Structure formats: structure tokens, C-alpha cells
$ cat protein.cif   # mmCIF, C-alpha atoms and all ligand atoms
data_start
#
loop_
_atom_site.label_atom_id
_atom_site.label_comp_id
_atom_site.auth_asym_id
_atom_site.auth_seq_id
_atom_site.Cartn_x
_atom_site.Cartn_y
_atom_site.Cartn_z
CA MET A 277 13.54 22.88 17.39
CA THR A 278 13.20 21.41 13.90
CA ALA A 279 10.24 19.16 13.41
CA ILE A 280 10.86 15.52 12.59
CA PRO A 281 8.11 14.15 10.33
CA TYR A 282 6.85 10.57 10.63
CA SER A 283 7.86 10.05 7.02
CA HIS A 284 9.45 12.02 4.21
CA GLN A 285 10.49 11.48 0.60
CA LYS A 286 14.17 11.39 -0.35
CA ILE A 287 14.87 13.33 -3.52
CA ASP A 288 18.45 13.69 -4.77
CA ALA A 289 20.12 15.59 -7.61
CA ASP A 290 19.80 12.59 -9.97
CA ASP A 291 16.02 12.57 -9.46
CA VAL A 292 15.86 16.27 -10.30
CA ARG A 293 17.99 15.72 -13.44
CA ALA A 294 15.77 12.86 -14.60
CA VAL A 295 12.63 14.97 -14.29
CA ALA A 296 14.19 18.04 -15.91
CA GLU A 297 15.24 15.92 -18.89
CA VAL A 298 11.64 14.89 -19.56
CA LEU A 299 10.47 18.50 -19.28
CA ARG A 300 12.79 19.36 -22.20
CA SER A 301 11.50 16.44 -24.30
CA ASP A 302 8.39 16.13 -26.51
CA TRP A 303 6.50 13.79 -24.16
CA LEU A 304 4.95 15.00 -20.95
CA THR A 305 1.94 12.69 -20.65
CA GLN A 306 2.13 8.89 -20.74
CA GLY A 307 4.86 7.96 -23.22
CA PRO A 308 8.21 6.15 -23.42
CA LYS A 309 9.21 6.88 -19.81
CA VAL A 310 6.05 5.25 -18.47
CA GLN A 311 6.81 2.13 -20.50
CA GLU A 312 10.41 2.11 -19.29
CA PHE A 313 9.24 2.53 -15.69
CA GLU A 314 6.72 -0.30 -16.02
CA GLN A 315 9.35 -2.67 -17.37
CA ALA A 316 11.86 -1.78 -14.68
CA PHE A 317 9.17 -2.06 -12.01
CA ALA A 318 7.95 -5.48 -13.19
CA ARG A 319 11.55 -6.73 -13.20
CA THR A 320 12.17 -5.36 -9.70
CA VAL A 321 9.13 -7.02 -8.12
CA GLY A 322 9.40 -10.21 -10.17
CA ALA A 323 6.14 -9.96 -12.11
CA ARG A 324 5.51 -10.45 -15.85
CA PHE A 325 3.60 -7.17 -16.15
CA ALA A 326 3.28 -3.84 -14.37
CA VAL A 327 0.73 -1.13 -15.15
CA ALA A 328 1.55 2.39 -13.94
CA LEU A 329 -1.39 4.49 -12.76
CA SER A 330 -1.98 7.96 -11.36
CA SER A 331 -2.23 6.79 -7.73
CA GLY A 332 -2.40 3.72 -5.53
CA THR A 333 -6.12 4.35 -5.32
CA ALA A 334 -6.40 4.28 -9.12
CA ALA A 335 -4.36 1.06 -9.04
CA LEU A 336 -6.87 -0.53 -6.66
CA HIS A 337 -9.76 0.59 -8.84
CA ALA A 338 -8.09 -0.76 -12.00
CA ALA A 339 -7.39 -4.09 -10.30
CA TYR A 340 -11.02 -4.52 -9.22
CA PHE A 341 -12.14 -3.56 -12.72
CA ALA A 342 -9.73 -6.03 -14.34
CA ALA A 343 -10.98 -8.79 -12.05
CA GLY A 344 -14.54 -8.04 -13.17
CA ILE A 345 -15.59 -7.34 -9.60
CA GLY A 346 -18.91 -5.51 -9.53
CA LYS A 347 -22.46 -5.45 -8.26
CA GLY A 348 -23.39 -8.43 -6.12
CA ASP A 349 -19.74 -9.38 -5.51
CA GLU A 350 -17.98 -9.29 -2.16
CA ILE A 351 -14.34 -8.64 -1.41
CA ILE A 352 -12.87 -9.59 1.96
CA SER A 353 -10.40 -7.08 3.38
CA ALA A 354 -9.24 -5.81 6.78
CA PRO A 355 -10.22 -2.64 8.69
CA ILE A 356 -6.68 -1.48 9.50
CA THR A 357 -5.93 0.34 6.25
CA PHE A 358 -6.42 3.57 4.38
CA PRO A 359 -10.08 3.66 3.20
CA ALA A 360 -9.05 3.56 -0.49
CA THR A 361 -8.60 -0.23 -0.22
CA THR A 362 -12.33 -0.84 0.05
CA ASN A 363 -13.58 2.47 -1.44
CA ALA A 364 -12.37 1.36 -4.86
CA ALA A 365 -14.49 -1.79 -4.56
CA LEU A 366 -17.51 0.36 -3.68
CA TRP A 367 -17.04 2.38 -6.89
CA GLN A 368 -17.35 -0.88 -8.80
CA GLY A 369 -20.63 -1.55 -7.01
CA ALA A 370 -19.12 -4.38 -4.98
CA THR A 371 -19.65 -4.98 -1.25
CA PRO A 372 -16.72 -4.76 1.15
CA VAL A 373 -16.65 -7.40 3.88
CA PHE A 374 -14.09 -7.18 6.66
CA ALA A 375 -12.20 -9.84 8.57
CA ASP A 376 -10.51 -8.91 11.84
CA ILE A 377 -6.76 -8.60 12.23
CA ASP A 378 -3.96 -10.40 13.99
CA GLU A 379 -3.01 -7.96 16.75
CA ARG A 380 0.67 -8.85 16.60
CA THR A 381 0.97 -7.45 13.08
CA GLY A 382 -2.14 -5.43 12.18
CA ASN A 383 -2.59 -7.77 9.20
CA ILE A 384 -5.69 -9.72 8.22
CA ASP A 385 -6.32 -12.95 10.16
CA PRO A 386 -6.69 -15.86 7.69
CA GLU A 387 -8.90 -17.76 10.19
CA ASP A 388 -11.40 -14.89 10.23
CA VAL A 389 -11.24 -14.66 6.42
CA LYS A 390 -12.49 -18.27 6.26
CA ARG A 391 -15.48 -17.37 8.42
CA LYS A 392 -16.39 -14.43 6.15
CA ILE A 393 -16.49 -16.29 2.83
CA THR A 394 -19.94 -16.46 1.24
CA LYS A 395 -21.14 -17.54 -2.21
CA ARG A 396 -20.74 -13.92 -3.31
CA ALA A 397 -17.06 -13.65 -2.37
CA ARG A 398 -14.77 -12.93 -5.33
CA ALA A 399 -11.47 -11.78 -3.84
CA ILE A 400 -9.40 -11.62 -0.68
CA VAL A 401 -7.74 -8.22 -0.36
CA PRO A 402 -5.01 -8.36 2.29
CA ILE A 403 -3.07 -5.25 3.24
CA ASP A 404 0.64 -5.52 3.98
CA TYR A 405 0.25 -3.17 6.93
CA SER A 406 3.34 -1.14 7.85
CA GLY A 407 5.24 -2.89 5.04
CA LEU A 408 5.03 -6.34 6.65
CA PRO A 409 3.62 -9.00 4.29
CA ALA A 410 0.27 -10.51 5.25
CA ARG A 411 0.13 -14.31 5.70
CA LEU A 412 0.10 -14.72 1.95
CA GLY A 413 0.73 -18.47 1.86
CA GLU A 414 -2.36 -19.27 3.92
CA LEU A 415 -4.43 -16.66 2.12
CA ARG A 416 -3.49 -18.07 -1.28
CA GLU A 417 -4.45 -21.54 -0.11
CA ILE A 418 -7.85 -20.31 1.15
CA ALA A 419 -8.34 -18.46 -2.15
CA ARG A 420 -7.49 -21.60 -4.12
CA GLN A 421 -9.96 -23.73 -2.18
CA HIS A 422 -12.79 -21.23 -2.68
CA LYS A 423 -11.83 -20.07 -6.21
CA LEU A 424 -11.15 -16.51 -5.10
CA LEU A 425 -8.56 -14.04 -6.33
CA VAL A 426 -5.95 -12.48 -4.06
CA ILE A 427 -5.62 -8.76 -4.74
CA GLU A 428 -2.88 -7.62 -2.40
CA ASP A 429 -2.78 -4.00 -1.24
CA ALA A 430 0.97 -3.60 -0.97
CA ALA A 431 0.84 0.20 -1.07
CA GLN A 432 3.08 0.14 2.02
CA ALA A 433 5.21 -2.87 1.10
CA LEU A 434 7.28 -2.21 -2.03
CA GLY A 435 10.64 -3.85 -1.31
CA ALA A 436 9.30 -6.35 1.25
CA ARG A 437 9.86 -10.10 0.91
CA TYR A 438 7.78 -13.13 1.77
CA ARG A 439 9.45 -16.57 1.88
CA GLY A 440 12.29 -15.16 -0.19
CA LYS A 441 10.01 -13.74 -2.90
CA MET A 442 9.55 -10.06 -3.64
CA ILE A 443 6.14 -8.62 -2.83
CA GLY A 444 4.56 -8.19 -6.26
CA SER A 445 5.41 -11.71 -7.42
CA ILE A 446 2.96 -13.63 -5.23
CA SER A 447 -0.68 -12.55 -5.53
CA ASP A 448 -2.94 -12.49 -8.62
CA MET A 449 -2.58 -8.72 -8.60
CA THR A 450 -0.49 -6.59 -6.26
CA ILE A 451 -1.07 -2.87 -5.95
CA PHE A 452 1.54 -0.27 -5.00
CA SER A 453 1.53 3.45 -4.21
CA PHE A 454 4.19 6.04 -4.95
CA HIS A 455 2.85 8.72 -2.62
CA PRO A 456 5.80 10.58 -1.01
CA VAL A 457 5.58 8.65 2.28
CA LYS A 458 5.83 5.24 0.55
CA SER A 459 8.96 3.20 -0.37
CA ILE A 460 9.61 5.26 -3.54
CA THR A 461 7.77 8.28 -4.90
CA THR A 462 6.52 9.77 -8.16
CA GLY A 463 4.68 12.59 -6.36
CA GLU A 464 1.35 10.86 -6.81
CA GLY A 465 1.36 7.49 -8.52
CA GLY A 466 0.71 3.79 -8.29
CA ALA A 467 1.11 0.48 -10.09
CA VAL A 468 -0.36 -2.99 -10.32
CA ALA A 469 1.94 -5.99 -10.78
CA THR A 470 0.52 -9.20 -12.24
CA ASP A 471 1.49 -12.30 -14.21
CA ARG A 472 -1.92 -12.39 -15.91
CA LYS A 473 -1.91 -10.99 -19.44
CA ASP A 474 -5.71 -10.60 -19.48
CA PHE A 475 -5.66 -8.51 -16.31
CA TYR A 476 -2.77 -6.46 -17.67
CA GLU A 477 -4.59 -5.66 -20.90
CA ARG A 478 -7.84 -4.77 -19.14
CA MET A 479 -6.01 -2.37 -16.81
CA CYS A 480 -4.24 -0.69 -19.75
CA ILE A 481 -7.59 -0.01 -21.40
CA PHE A 482 -9.21 1.08 -18.14
CA ARG A 483 -6.62 3.76 -17.38
CA THR A 484 -7.16 5.36 -20.82
CA HIS A 485 -10.92 5.98 -20.94
CA GLY A 486 -11.70 2.38 -21.89
CA VAL A 487 -10.38 3.16 -25.34
CA THR A 488 -8.53 0.90 -27.78
CA ARG A 489 -6.85 1.33 -31.17
CA ASP A 490 -5.67 -2.28 -31.26
CA LEU A 491 -6.73 -3.79 -34.61
CA ARG A 492 -7.28 -7.22 -33.03
CA ARG A 493 -9.75 -5.70 -30.56
CA LEU A 494 -11.77 -3.37 -32.79
CA THR A 495 -15.31 -4.54 -33.44
CA LYS A 496 -15.15 -3.47 -37.09
CA LYS A 497 -12.78 -2.25 -39.80
CA LYS A 498 -11.13 1.12 -39.08
CA GLU A 499 -13.09 4.00 -40.57
CA GLY A 500 -9.81 5.87 -41.00
CA PRO A 501 -6.49 6.57 -39.30
CA TRP A 502 -8.31 8.56 -36.59
CA TYR A 503 -10.50 5.66 -35.60
CA PHE A 504 -10.63 4.24 -32.08
CA GLU A 505 -13.31 2.57 -30.03
CA MET A 506 -14.40 3.12 -26.45
CA GLN A 507 -15.24 -0.38 -25.32
CA GLU A 508 -15.24 -0.10 -21.54
CA LEU A 509 -16.25 2.60 -19.08
CA GLY A 510 -12.70 3.65 -18.26
CA MET A 511 -11.02 6.56 -16.52
CA ASN A 512 -8.08 8.85 -17.12
CA TYR A 513 -5.75 7.21 -14.61
CA ARG A 514 -2.49 7.69 -16.50
CA LEU A 515 0.86 8.47 -14.92
CA THR A 516 2.85 11.19 -16.73
CA ASP A 517 6.30 10.73 -18.25
CA ILE A 518 7.46 13.44 -15.84
CA GLN A 519 6.44 11.24 -12.92
CA ALA A 520 7.71 8.04 -14.55
CA ALA A 521 11.18 9.58 -14.93
CA LEU A 522 11.18 10.23 -11.19
CA GLY A 523 9.96 6.67 -10.65
CA ILE A 524 12.78 5.15 -12.73
CA SER A 525 15.35 7.20 -10.83
CA GLN A 526 13.82 6.35 -7.42
CA LEU A 527 13.48 2.64 -8.22
CA LYS A 528 17.26 2.37 -8.63
CA LYS A 529 17.56 3.34 -4.96
CA LEU A 530 14.83 1.04 -3.62
CA SER A 531 17.14 -1.49 -1.97
CA ARG A 532 19.17 1.29 -0.33
CA PHE A 533 15.99 2.94 0.93
CA ILE A 534 14.72 -0.33 2.41
CA LYS A 535 18.10 -1.06 3.98
CA GLU A 536 18.06 2.34 5.65
CA ARG A 537 14.50 1.81 6.92
CA ARG A 538 15.51 -1.61 8.27
CA GLU A 539 18.50 -0.14 10.12
CA ILE A 540 16.27 2.50 11.70
CA ALA A 541 13.80 -0.22 12.77
CA GLU A 542 16.63 -2.27 14.27
CA ARG A 543 17.87 0.73 16.24
CA TYR A 544 14.36 1.36 17.59
CA HIS A 545 14.05 -2.27 18.52
CA HIS A 546 17.38 -2.32 20.30
CA ALA A 547 16.66 0.90 22.21
CA LEU A 548 13.01 0.28 23.08
CA SER A 549 12.82 -3.44 23.80
CA GLY A 550 12.34 -4.03 27.48
CA LEU A 551 10.68 -0.66 27.95
CA GLU A 552 7.58 -1.22 30.05
CA GLY A 553 4.17 -0.44 28.58
CA ILE A 554 4.95 -0.74 24.89
CA ILE A 555 4.68 -3.57 22.39
CA LEU A 556 7.11 -3.35 19.49
CA PRO A 557 6.41 -4.52 15.94
CA LEU A 558 7.68 -7.99 15.01
CA GLN A 559 11.26 -8.08 13.80
CA ASP A 560 12.14 -9.44 10.38
CA THR A 561 12.36 -13.22 10.15
CA GLN A 562 13.58 -15.70 7.58
CA GLU A 563 9.97 -15.91 6.35
CA MET A 564 9.08 -12.21 6.19
CA GLN A 565 11.09 -9.07 5.67
CA SER A 566 9.15 -5.85 6.07
CA ALA A 567 9.58 -2.78 3.86
CA TRP A 568 9.38 -0.86 7.18
CA HIS A 569 6.96 1.75 5.86
CA LEU A 570 5.96 2.34 9.49
CA TYR A 571 7.40 1.60 12.89
CA PRO A 572 4.11 1.01 14.73
CA ILE A 573 4.37 0.67 18.51
CA ARG A 574 1.37 -0.16 20.70
CA LEU A 575 0.76 0.98 24.25
CA ALA A 576 -0.13 -1.69 26.76
CA GLY A 577 -0.91 -2.15 30.43
CA SER A 578 -1.50 0.90 32.59
CA ILE A 579 -0.57 3.43 29.87
CA ALA A 580 -2.83 1.90 27.21
CA LYS A 581 -5.46 4.55 27.90
CA LYS A 582 -2.95 7.42 27.62
CA ARG A 583 -2.35 7.31 23.89
CA ALA A 584 -3.71 10.82 23.27
CA ALA A 585 -1.53 12.39 25.98
CA ILE A 586 1.62 10.57 24.81
CA PHE A 587 0.90 11.49 21.20
CA LYS A 588 0.39 15.14 22.15
CA ALA A 589 3.57 15.24 24.24
CA LEU A 590 5.60 13.90 21.29
CA ARG A 591 4.05 16.34 18.82
CA GLU A 592 4.65 19.25 21.21
CA VAL A 593 8.41 18.75 21.03
CA GLY A 594 8.38 18.49 17.24
CA ILE A 595 8.28 14.72 16.85
CA GLY A 596 5.90 13.95 14.01
CA VAL A 597 4.19 10.80 15.19
CA GLN A 598 1.04 9.50 13.47
CA VAL A 599 -1.68 6.93 14.07
CA HIS A 600 -2.27 4.19 11.47
CA HIS A 601 -5.10 3.61 10.79
CA ILE A 602 -8.55 4.67 11.89
CA PRO A 603 -10.44 1.39 11.26
CA VAL A 604 -12.27 1.79 7.96
CA HIS A 605 -15.57 0.51 9.35
CA LEU A 606 -15.64 3.35 11.91
CA HIS A 607 -15.65 6.17 9.34
CA PRO A 608 -19.06 7.87 9.05
CA TYR A 609 -19.48 6.76 5.43
CA TYR A 610 -19.01 3.10 6.38
CA LYS A 611 -21.26 3.47 9.40
CA LYS A 612 -23.98 4.62 7.00
CA LEU A 613 -23.42 1.33 5.16
CA GLY A 614 -24.28 -0.51 8.38
CA PHE A 615 -20.94 -1.07 10.12
CA HIS A 616 -20.61 -0.05 13.76
CA THR A 617 -18.23 0.08 16.71
CA GLY A 618 -17.51 -3.23 18.40
CA ILE A 619 -17.69 -5.59 15.43
CA PHE A 620 -13.92 -5.88 14.88
CA PRO A 621 -12.59 -5.70 18.46
CA ARG A 622 -8.99 -6.56 17.60
CA ALA A 623 -8.75 -3.85 14.92
CA GLU A 624 -10.39 -1.35 17.26
CA ARG A 625 -7.98 -2.18 20.11
CA PHE A 626 -5.05 -2.00 17.73
CA TYR A 627 -6.12 1.45 16.56
CA GLU A 628 -6.66 2.75 20.08
CA SER A 629 -3.19 1.76 21.25
CA GLU A 630 -1.06 2.47 18.16
CA ILE A 631 1.51 5.22 17.52
CA SER A 632 3.76 5.32 14.44
CA LEU A 633 7.28 6.60 15.15
CA PRO A 634 9.31 8.48 12.51
CA ILE A 635 10.98 6.17 9.99
CA PHE A 636 12.24 7.15 6.53
CA PRO A 637 15.47 7.19 4.54
CA GLY A 638 17.29 10.33 5.59
CA LEU A 639 16.18 10.25 9.23
CA THR A 640 19.45 11.05 10.95
CA PHE A 641 20.96 9.03 13.78
CA LYS A 642 20.84 12.17 15.92
CA ASP A 643 17.13 12.76 15.25
CA GLN A 644 16.33 9.14 15.96
CA LYS A 645 18.22 9.29 19.26
CA HIS A 646 16.15 12.34 20.12
CA VAL A 647 12.92 10.45 19.33
CA ILE A 648 14.01 7.50 21.49
CA ALA A 649 15.14 9.62 24.44
CA THR A 650 11.97 11.72 24.33
CA LEU A 651 9.72 8.67 24.19
CA GLN A 652 11.57 7.10 27.13
CA ARG A 653 11.19 10.29 29.13
CA ILE A 654 7.47 10.67 28.33
CA LEU A 655 6.72 7.05 29.19
CA ARG A 656 8.55 7.45 32.48
CA ASP A 657 6.79 10.67 33.45
CA ILE A 658 3.28 10.04 32.17
C1 LIG A 701 -1.22 4.90 0.57
C2 LIG A 701 -2.19 3.80 0.56
C3 LIG A 701 -3.19 3.70 -0.40
C4 LIG A 701 -3.51 4.79 -1.38
O1 LIG A 701 -2.47 5.13 -2.21
P1 LIG A 701 -2.49 6.56 -2.94
O2 LIG A 701 -1.31 6.49 -3.87
O3 LIG A 701 -2.33 7.61 -1.88
O4 LIG A 701 -3.77 6.69 -3.67
C5 LIG A 701 -3.99 2.56 -0.40
N1 LIG A 701 -3.82 1.59 0.50
C6 LIG A 701 -2.88 1.66 1.46
C7 LIG A 701 -2.73 0.53 2.43
C8 LIG A 701 -2.05 2.78 1.53
O5 LIG A 701 -1.12 2.84 2.51
#

$ encode --input "protein.cif" --output "C-alpha cells" --more "lines below"
Ligand SMILES: *Cc1c(COP(=O)(O)O)cnc(C)c1O
Amino acid sequence: MTAIPYSHQKIDADDVRAVAEVLRSDWLTQGPKVQEFEQAFARTVGARFAVALSSGTAALHAAYFAAGIGKGDEIISAPITFPATTNAALWQGATPVFADIDERTGNIDPEDVKRKITKRARAIVPIDYSGLPARLGELREIARQHKLLVIEDAAQALGARYRGKMIGSISDMTIFSFHPVKSITTGEGGAVATDRKDFYERMCIFRTHGVTRDLRRLTKKKEGPWYFEMQELGMNYRLTDIQAALGISQLKKLSRFIKERREIAERYHHALSGLEGIILPLQDTQEMQSAWHLYPIRLAGSIAKKRAAIFKALREVGIGVQVHHIPVHLHPYYKKLGFHTGIFPRAERFYESEISLPIFPGLTFKDQKHVIATLQRILRDI
């Protein structure tokens, strides 16, 4: 039996051609293809600027840096995410604060965000979990009232829409990931979309060692053509032209990829709704259209405690399910920071009952039918 992964990239001949072309050119590191990718990406998500970076994690770090978030500052995020969301704030010396989630979606609960705001708060960092936009309208309003930034972790949500607008055109900064399981891939890679020129410029400097050659920025006259200045403590977070070529080629297929993910989600919904013991993710509405990065089901009622057995039974027949995510505050590193079990009960319950079913462009109808039939059988027999 062939294994069905929970997610998989879709690479076609045109992607391979685009990459091979760069390999025969003079530029391998950040060059004209990165610029072309950034422009196409900004256009796609409806932002003035996009900065390409070496990963979604680097994108988060660059965004916190650009916002000037550092020691003594707090960011308010949610526990149901990949740890990078708050790790990158820790690198800046900032303090992560968590608000609990809305169990229907896995996304941050704006009411709990309000309770967590202190004088030290600088930014709200919602995650668009599973590709479904967070309640961005309410979060923006809370941010406005308290003079906070919204830095949206949309690593899972490229191609999603909120109130008709593309994700990437709403928050002060929106971060994306191009890891192979995400909406499009560059191998590793990420980007930040923003309308703010100052943020854009700070991120450009940050990803290249904090270095500038811009005459308007230099603190003194150039000592010669070689002259540059390191003005910030930056990193090497550049994307390569090889990766950017793949990104440009993949971006052209974004709407097709999302459409395919949506069709898979609709088929799951149709086949699984009414099945006892499971709660399905919310369907798309006029207000929110998910990028369907995940299809997260939750176990309820008498089978809620049998997640491990159900997960194992699916894996044993080659169905690559996953669990998203271990709540960040329960990782040993965060426990050392003072977090402990029991403080975010909704996130913890969500984690304990969740299973992500396979969803990705290229998942065949036949394979999906197999997933559905197997799940139905396991739930019946368990
Ligand atoms: C994937 C992901 C990241 C990290 O992105 P990388 O490109 O793997 O560094 C951050 N946050 C969320 C919510 C993610 O899903």
C-alpha cells in the first residue's frame, strides 16, 4: 500500500525549467529573480511591499526586528502554532504572552487578547491556523485602541481571504512560509508583506547583515567604491535566486492550488458530516475563505480519549495523518520560562482531540476516498 502523506508539494515541469534556467545564469544568490518574486508576491497578496527571506521563521524574526520589538516588550500570540511564532520574539529579547483560542477554529480569541494587554504590550500576533484567517477585524480594532501592531503569522494562509481581501493586505505586517507543506514552496523560504515603507526598508537591511550601501543612509562620505556600513545587528536571511525562480513559477499556480485544496475540503465535509464523534472544521463563509492548509478534525464525546489509537490505526494503513499543534507553552523550553499545563485549557483540549487529515494539491480522488472509508471504519470499530 502506498503511503498518503498529510501534505506534499506539487512540482511540475515548468517549475523544474524555471530553476534550471537560473542555474545556467550568473546569479545564484539574491539577485533579479528575488526582486521579481517580491514584486509578483506583493501584487498577489495586495500589499505595497514584500520582502523575501530564507524561511517563515526568518520572516517572523525580521518582522519583530522591523517593529523594534525587544527587551521589555510583550507580544500577544496563541499557543496553537509552530513554536517559531513566539521563538522569534524571544530572540529579540521580547516576552511572549499567550491568549487562549476559540475552539471552533483554533485561532486566537480576541476577548482573551483584551485581558492579556499590559503597558508592555507592543503587538498582537494572530496565527491563521489551518489557513483560516483569525478574527482580523476585531484584532485590528483592539490594536488600534491600545496602539499595538498586528503582526499576522499567515505561514499557513497564503491564498486565504478575509472580508473579500487577500491575506497579506490587512495587518501591519503579514508573514508567510514557503516550506513544502505550505500553499506554495521554494524549498525553504518565507516573506513579509507590508504597506509600511519604513518596515520594508528595515527588513531589507536586517536580512543582509544589517549592511547598507545606500548613500542617503551612510553616516559619512564613502571612503571608496568598496565602502559599506553595518548599521544594525542583522542576519544572513536571504532567499536565493534559485529559490525565487521556483517561487515565481509556483505563485502562478496559487489560485489553482487553493481551489484544489478547497474541493478536497468540501469532499471531506460532505462525506464526514453527520459522522458521530467528530467535529469538522468550519466551512468557508462569505466573510472568510480558508487556504485549507490543513483539514483539522476533532474527536468528541466517547471517542475523545481515543485519539492516539485512532491516529495509530490510520498511520498503520499508510494514511499520513498529523497533529497540529502541540501547544507552544507545553514545550519544555517554554515550561522553563514559567508556563505550565492547565493555563490555556481550550488550546490544550484542542490539541488533545485534533487530527489533521491529508489535504494537498495532487491528492487523488481515489486516495481521498480511501482516507474517508478508512476513517469511517476505524470510528465504527474503535
Ligand atoms: C510553517 C510555519 C512557520 C515556520 O515557517 P518555516 O518556513 O518552516 O520557518 C511559522 N509559523 C507557522 C504558523 C507555520 O505553520

$ atom_distance --input "protein.cif" --atom1 "CA of Gln598 (chain A)" --atom2 "CA of Lys612 (chain A)"
26.3 Å

$ closest_residue --input "protein.cif" --among "A:Leu558, A:Ile287, A:Ala338, A:Ala316" --to "Lys528 (chain A)" --atoms "only C-alpha atoms"
A:Ala316

$ residues_around --input "protein.cif" --residues "Ile460 (chain A)" --least-positions-apart "5" --cutoff "7 Å" --atoms "all atoms listed in the file" --output "list in words"
Phe454, Gln526, Leu527 and Leu530 of chain A

$ closest_residue --input "protein.cif" --among "A:Ser453, A:Asn363, A:Ser445, A:Ser353" --to "ligand LIG 701 (chain A)" --atoms "all atoms listed in the file"
A:Ser453

$ residues_near_ligand --input "protein.cif" --ligand "ligand LIG 701 (chain A)" --cutoff "7 Å" --atoms "only C-alpha atoms and all ligand atoms" --output "PyMOL selection string"
chain A and resi 331-334+357-358+360-361+403+405+429-432+453-455+464-466

$ residues_around --input "protein.cif" --residues "Ala541 (chain A)" --least-positions-apart "2" --cutoff "8 Å" --atoms "all atoms listed in the file" --output "ChimeraX atom specification"
/A:537-539,543-545,568,571,635

$ closest_residue --input "protein.cif" --among "A:Tyr282, A:Phe374, A:Phe482, A:Tyr513" --to "Val599 (chain A)" --atoms "all atoms listed in the file"
A:Tyr282

$ residues_around --input "protein.cif" --residues "Pro355 (chain A)" --least-positions-apart "4" --cutoff "7 Å" --atoms "all atoms listed in the file" --output "list in words"
Phe374, Pro603, Val604, His605 and Ala623 of chain A

$ closest_residue --input "protein.cif" --among "A:Arg514, A:Arg411, A:Lys581, A:His422" --to "Arg437 (chain A)" --atoms "only C-alpha atoms"
A:Arg411

$ closest_residue --input "protein.cif" --among "A:Asp385, A:Gln652, A:Thr484, A:Glu477" --to "Glu552 (chain A)" --atoms "all atoms listed in the file"
A:Gln652
